[in-house]
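Okay, structure first, notes after.
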Amino acid sequence: MSLYAVEATNIVRTFGDDNFRALDNVTLRVPMGEVFGLLGPNGSGKTTMIRILSTVLSPTEGVATVAGFDVVKHPDDVRVNIGLAGQFAAVDDNLTGFENLRMVGLLNHMDKARVVRRARELLEEFGIADFGNRLARTYSGGMRRRLDLAAALVANPPILFLDEPTTGLDPQSRQDLWNIIESLVEGGTTVLLTTQYLEEADRLCKQLVVLDHGKIIAEGTSAELKSQLGNTVLVLTFATTSESEKAVSLIADLSTKPANHEGLVVELTVDNGPAAAADALRRIDGAHLVLTGLQLREPSLDDVFLSLTGHKAEEPAVLDGAPQGRRSRRKVQA
Amino acid sequence: MHPSRTSLRWAVSDILTLARRNLMALVRIPTSLVFAMIQPVMFVLLFRYVFGGVIKVPGLNYVNFLIPGILVQTTIFGAVGTAIGLAEDLQRGLIERFKALPMARMAVLGGRTLADTARNLMILVIITGVGMLVGFRPHSFFPYLQASLVMLTFAYCLSWGFAYVGLAAPNSETAQAMTFPLIFPLTFASNIFVPTAGMPWWLRGFVTNQPVSQTAEAVRGLMLGQPHGQSTYISLAWAIGLVALLAPLAVRRFRKAA
């Protein structure tokens, strides 16, 4: 097998009579055992890429191999090596959590006794064992997402595709899911995930590509991209202008770009937000200056897109959220 | 084992797994079966007691004419469930999940149509019971089974067309609405409720020869022990023709859907 879990070369995918190019010459290589991120706004082609790599859609042009198998020529060999958790938790509401997992296990052609064991194990691991015999329709959003991820893991696939795994989740559920993904990777699983959140990509992904309108517009490690994409800004507000003026001379050297001083507010561009903040606070405190506000502003996806493309990471509202949106997008593309 | 035999075995297993999953919905939402029953029961009562008095069928008690027709109508309406079910699965991302699994490609459609046929069978038994309560008397048991087989086969083959509709529709509500213009002329411009003798000649030609009328003719003849010409064979020929045409369309649509 090759060194890469996923190799996609010059992938093009068009939709509809007007040949809308959802993916335009995308090439990426996902090393084994890493978390690789596809970062981009709605409609950038992330989901289409995941669907092609998981054999759900075929590419219009280009070649992709997953676990060393061609997705078009040997889709069944690909399928035994992957798990897919799509954008909207694809669980059957009329089945219990356990039954959902059993169904997926049986469709993976696993031995019946093993399916039962594995389903119990996953329910336990994902903290839904107590709800295993309840219908999925009674589950909270976070539980559904965990069940969905568990379903993708029933057959212990070495490669996992996650399409916006935490979109729409509350902070605690998001944190839980991140922990699960990290422990999977520790266990040797390769993960390719899509996200709209820079924070998520930063936390989980070793390498990233940024997609916009079906094209890769940037790639590299999270740190590389971040330095390319703008930095954390430390915003300090003081009680009086004279204090803010004194402060500038004390802390300006912490900023990688010239410090921005306006009225009561001082803005510093920093690499390591928390460390710079602590340092700045010590100096300000030592000089007995009164601080009235402190804020660390991380670069957002909007900042990223603004700096890379000159336009905001926005798409018409019709492409957003809810399951309906997915189908609407099909229509838009068609 | 020979690889093709292994894959056939798995295909059967996958179809059964999914058929079972689809039937679980009936167990988990029992009201859906009740609601599926309301319409045919209303039709039985409406035609038996409201319109039935003025509909004359030579040599037959109208209730015996009516119930086989209602059964055919109900099983065909059952195919709408195929469209709705697949549209829902698509909408909820389940089709996407199934397509990424190493399962038989045709199992999603095979499991759905099989489950819908099982559901149809349940409804058939219940509506027969309702019919008997209002005076329906089938001629004998074995031909009744034959008749059931004829209409379930016809509805099964037709449901592949509805599978196509379900996969092509943007959501389940639209899927349901899209089936209506297909179902309505087939079941109402037919001999299901009234004999064709009273219809204008231009309509009668269509009504007599269209597949649903042929199926109703066969079912009625078998259930009542009356001559029904070649209608059984014509119905089965339609069924085979429909499935040969519609199944490849549905499968092609399935390959594109996600």
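By order in the structure tokens, chains are A, B, ...; within a chain, residues start at 1; ligands start at 1, following the order shown.
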Point to revise | Residues flagged alpha helix (DSSP H) by DSSP in segment 12-188 of chain B, as number ranges by chain | key: B: 12-28, 30-45, 62-91, 94-99, 107-133, 141-168, 172-188
Taking only residues of chain A that have an atom at most 9 Å from an atom of chain B, what is each one's shortest atom pair and its distance in Å to one decimal, using only C-alpha atoms, in chain and number order, as CSV?
residue,atom,partner,partner_atom,distance
A:Arg51,CA,B:Glu96,CA,8.1
A:Ser54,CA,B:Ala100,CA,5.7
A:Thr55,CA,B:Ala100,CA,6.0
A:Val56,CA,B:Lys99,CA,5.4
A:Leu57,CA,B:Lys256,CA,6.9
A:Ser58,CA,B:Lys256,CA,8.5
A:Pro75,CA,B:Pro102,CA,8.3
A:Asp76,CA,B:Pro102,CA,5.4
A:Asp77,CA,B:Pro102,CA,7.9
A:Val78,CA,B:Pro102,CA,8.3
A:Arg79,CA,B:Pro102,CA,5.0
A:Val80,CA,B:Pro102,CA,5.7
A:Ile82,CA,B:Ala100,CA,7.9
A:Gly83,CA,B:Ala100,CA,7.6
A:Leu84,CA,B:Arg97,CA,6.7
A:Ala85,CA,B:Arg97,CA,7.4
A:Gly86,CA,B:Gly93,CA,6.9
A:Gln87,CA,B:Gly93,CA,7.9
A:Phe88,CA,B:Gly93,CA,6.4
A:Ala89,CA,B:Gly93,CA,7.3
A:Ala90,CA,B:Gly93,CA,4.9
A:Val91,CA,B:Leu94,CA,6.8
A:Asp92,CA,B:Leu94,CA,7.6
A:Asp93,CA,B:Ala25,CA,8.7
A:Asn94,CA,B:Ala25,CA,5.4
A:Leu95,CA,B:Met24,CA,7.2
A:Glu99,CA,B:Arg21,CA,8.8
A:Asn100,CA,B:Arg21,CA,9.0
A:Met103,CA,B:Thr17,CA,6.8
A:Val104,CA,B:Leu101,CA,8.1
A:Leu106,CA,B:Thr17,CA,7.3
A:Leu107,CA,B:Met103,CA,5.6
A:Asn108,CA,B:Pro102,CA,5.8
A:His109,CA,B:Trp10,CA,7.4
A:Leu135,CA,B:Arg28,CA,8.6
A:Ala152,CA,B:Arg97,CA,8.5
A:Pro323,CA,B:Gln91,CA,6.3
A:Gln324,CA,B:Gln91,CA,7.2
A:Arg326,CA,B:Gln91,CA,7.9
A:Arg327,CA,B:Pro170,CA,6.0
A:Ser328,CA,B:Pro170,CA,7.5
A:Arg330,CA,B:Pro170,CA,8.5
A:Lys331,CA,B:Pro170,CA,7.9
Write the selection just made, keeping N, CA and C atoms, as a tab-separated table (two decimals), in the first residue's frame?
chain	number	residue	atom	x	y	z
A	51	ARG	N	-17.66	12.97	-0.85
A	51	ARG	CA	-18.53	12.00	-1.51
A	51	ARG	C	-17.81	11.23	-2.60
A	54	SER	N	-15.47	8.74	-0.89
A	54	SER	CA	-16.17	7.64	-0.22
A	54	SER	C	-17.04	6.85	-1.21
A	55	THR	N	-16.82	7.03	-2.50
A	55	THR	CA	-17.47	6.29	-3.60
A	55	THR	C	-18.96	6.57	-3.72
A	56	VAL	N	-19.43	7.63	-3.08
A	56	VAL	CA	-20.86	7.95	-3.19
A	56	VAL	C	-21.14	8.62	-4.53
A	57	LEU	N	-20.22	9.45	-4.98
A	57	LEU	CA	-20.31	10.10	-6.28
A	57	LEU	C	-19.08	9.72	-7.09
A	58	SER	N	-19.21	9.75	-8.43
A	58	SER	CA	-18.01	9.50	-9.21
A	58	SER	C	-17.45	10.83	-9.71
A	75	PRO	N	-14.53	0.22	-6.24
A	75	PRO	CA	-15.23	0.89	-5.13
A	75	PRO	C	-15.45	-0.01	-3.92
A	76	ASP	N	-15.69	-1.32	-4.15
A	76	ASP	CA	-15.97	-2.18	-3.00
A	76	ASP	C	-14.75	-2.37	-2.12
A	77	ASP	N	-13.56	-2.37	-2.73
A	77	ASP	CA	-12.33	-2.46	-1.93
A	77	ASP	C	-12.14	-1.19	-1.11
A	78	VAL	N	-12.55	-0.05	-1.71
A	78	VAL	CA	-12.48	1.21	-0.96
A	78	VAL	C	-13.43	1.15	0.23
A	79	ARG	N	-14.67	0.67	-0.05
A	79	ARG	CA	-15.72	0.72	0.98
A	79	ARG	C	-15.39	-0.09	2.22
A	80	VAL	N	-14.66	-1.20	2.07
A	80	VAL	CA	-14.34	-1.97	3.28
A	80	VAL	C	-13.26	-1.29	4.11
A	82	ILE	N	-13.20	2.16	4.61
A	82	ILE	CA	-13.58	3.52	5.05
A	82	ILE	C	-14.81	3.51	5.95
A	83	GLY	N	-14.91	4.58	6.72
A	83	GLY	CA	-16.15	4.87	7.42
A	83	GLY	C	-16.52	6.29	7.03
A	84	LEU	N	-17.83	6.53	6.86
A	84	LEU	CA	-18.27	7.87	6.45
A	84	LEU	C	-19.31	8.38	7.44
A	85	ALA	N	-19.08	9.58	7.96
A	85	ALA	CA	-20.12	10.26	8.72
A	85	ALA	C	-20.41	11.55	7.98
A	86	GLY	N	-21.58	11.58	7.35
A	86	GLY	CA	-21.93	12.70	6.49
A	86	GLY	C	-22.28	13.95	7.27
A	87	GLN	N	-22.69	14.96	6.54
A	87	GLN	CA	-22.90	16.27	7.12
A	87	GLN	C	-24.06	16.29	8.12
A	88	PHE	N	-25.10	15.50	7.84
A	88	PHE	CA	-26.25	15.47	8.74
A	88	PHE	C	-26.36	14.07	9.29
A	89	ALA	N	-26.35	13.96	10.61
A	89	ALA	CA	-26.32	12.66	11.25
A	89	ALA	C	-27.30	11.70	10.57
A	90	ALA	N	-26.74	10.75	9.82
A	90	ALA	CA	-27.57	9.83	9.05
A	90	ALA	C	-27.94	8.62	9.89
A	91	VAL	N	-28.82	8.85	10.86
A	91	VAL	CA	-29.30	7.73	11.66
A	91	VAL	C	-30.78	7.54	11.39
A	92	ASP	N	-31.24	6.29	11.56
A	92	ASP	CA	-32.64	5.99	11.34
A	92	ASP	C	-33.41	6.28	12.64
A	93	ASP	N	-34.29	7.27	12.58
A	93	ASP	CA	-35.03	7.71	13.77
A	93	ASP	C	-35.90	6.62	14.36
A	94	ASN	N	-36.33	5.68	13.52
A	94	ASN	CA	-37.26	4.65	13.99
A	94	ASN	C	-36.57	3.42	14.54
A	95	LEU	N	-35.24	3.47	14.57
A	95	LEU	CA	-34.49	2.38	15.19
A	95	LEU	C	-33.85	2.91	16.47
A	99	GLU	N	-29.87	-0.68	17.42
A	99	GLU	CA	-30.32	-1.23	16.13
A	99	GLU	C	-29.67	-0.52	14.95
A	100	ASN	N	-29.46	0.79	15.09
A	100	ASN	CA	-28.76	1.53	14.04
A	100	ASN	C	-27.38	0.95	13.80
A	103	MET	N	-27.55	-2.56	12.26
A	103	MET	CA	-27.86	-2.52	10.83
A	103	MET	C	-26.60	-2.24	10.02
A	104	VAL	N	-25.85	-1.22	10.44
A	104	VAL	CA	-24.64	-0.87	9.69
A	104	VAL	C	-23.62	-2.01	9.74
A	106	LEU	N	-24.27	-5.26	10.00
A	106	LEU	CA	-24.72	-6.33	9.11
A	106	LEU	C	-24.48	-5.96	7.65
A	107	LEU	N	-24.70	-4.68	7.32
A	107	LEU	CA	-24.48	-4.24	5.94
A	107	LEU	C	-22.99	-4.19	5.61
A	108	ASN	N	-22.16	-4.20	6.65
A	108	ASN	CA	-20.71	-4.33	6.45
A	108	ASN	C	-20.31	-5.80	6.35
A	109	HIS	N	-21.29	-6.68	6.41
A	109	HIS	CA	-21.09	-8.13	6.29
A	109	HIS	C	-20.22	-8.67	7.42
A	135	LEU	N	-35.19	4.94	21.04
A	135	LEU	CA	-35.24	5.30	19.62
A	135	LEU	C	-34.37	6.52	19.35
A	152	ALA	N	-20.17	4.96	11.72
A	152	ALA	CA	-19.07	4.97	10.76
A	152	ALA	C	-17.92	4.09	11.23
A	323	PRO	N	-31.08	19.84	6.70
A	323	PRO	CA	-31.07	18.86	5.63
A	323	PRO	C	-31.64	19.41	4.32
A	324	GLN	N	-32.60	20.28	4.44
A	324	GLN	CA	-33.20	20.88	3.26
A	324	GLN	C	-32.12	21.53	2.39
A	326	ARG	N	-29.07	20.78	1.88
A	326	ARG	CA	-28.30	19.86	1.07
A	326	ARG	C	-29.01	19.60	-0.25
A	327	ARG	N	-30.30	19.42	-0.17
A	327	ARG	CA	-31.03	19.14	-1.40
A	327	ARG	C	-31.16	20.39	-2.26
A	328	SER	N	-31.29	21.55	-1.58
A	328	SER	CA	-31.38	22.79	-2.33
A	328	SER	C	-30.11	22.99	-3.14
A	330	ARG	N	-28.26	20.76	-4.35
A	330	ARG	CA	-28.33	19.91	-5.55
A	330	ARG	C	-29.08	20.63	-6.65
A	331	LYS	N	-30.14	21.29	-6.24
A	331	LYS	CA	-30.94	21.96	-7.24
A	331	LYS	C	-30.21	23.16	-7.83
Review point. Just how far from atom CA of Leu236 of chain A is atom CA of Val265 of chain A, in Å to one decimal?
Key: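 For atom CA of Val265 of chain A relative to atom CA of Leu236 of chain A, the distance reads 5.7 Å.
Counting only C-alpha atoms and comparing B:Ile67, B:Ala36, B:Leu203, B:Leu86, the residue that lies closest to Arg119 of chain B is B:Ala36.
Atom CA of Met37 of chain B is positioned 25.6 Å from atom CA of Val54 of chain B.
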Review point. Which residues come within 6 Å of Ala79 of chain B, counting only C-alpha atoms, excluding same-chain residues fewer than 3 positions away, as a ChimeraX atom specification?
Key: /B:76,82,159
Got time to write the residues from that selection, C-alpha atoms, as a tab-separated table (two decimals), in the first residue's frame?
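Dumped to part_36.tsv:
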chain	number	residue	atom	x	y	z
B	76	ILE	CA	-51.22	0.60	-5.94
B	82	THR	CA	-41.88	3.57	-1.81
B	159	SER	CA	-43.26	0.56	-7.20
Exercise for review: Would you mind listing what lies within 10 Å of Met143 of chain A as an MDAnalysis selection string, with only C-alpha atoms counted and same-chain residues fewer than 6 positions away left out?
Suggested key: chainID A and resid 89 97 126:128 131 136 149 169 173
Store the residues of this selection in a file with C-alpha atoms, as a PDB file, in the first residue's frame.
ATOM      1  CA  ALA A  89     -26.324  12.657  11.253  1.00  0.00           C
ATOM      2  CA  GLY A  97     -29.175   3.421  18.861  1.00  0.00           C
ATOM      3  CA  PHE A 126     -19.422   7.130  23.114  1.00  0.00           C
ATOM      4  CA  GLY A 127     -21.392   7.576  26.305  1.00  0.00           C
ATOM      5  CA  ILE A 128     -24.743   6.514  24.917  1.00  0.00           C
ATOM      6  CA  PHE A 131     -29.750   5.186  25.637  1.00  0.00           C
ATOM      7  CA  ALA A 136     -32.777   7.588  17.871  1.00  0.00           C
ATOM      8  CA  LEU A 149     -19.835   8.629  14.181  1.00  0.00           C
ATOM      9  CA  LEU A 169     -23.221  21.305  18.070  1.00  0.00           C
ATOM     10  CA  SER A 173     -20.637  18.295  22.459  1.00  0.00           C
TER      11      SER A 173
END
Practice item. Have a look at atom CA of Leu177 of chain A and atom CA of Ser44 of chain A and let me know their distance in Å, one decimal. Key: 23.7 Å
Practice item. Point out the residue among B:Ser172, B:Thr117, B:Thr31, B:Ser148 with the least atom-to-atom distance to Met223 of chain B, counting only C-alpha atoms. Key: B:Ser148
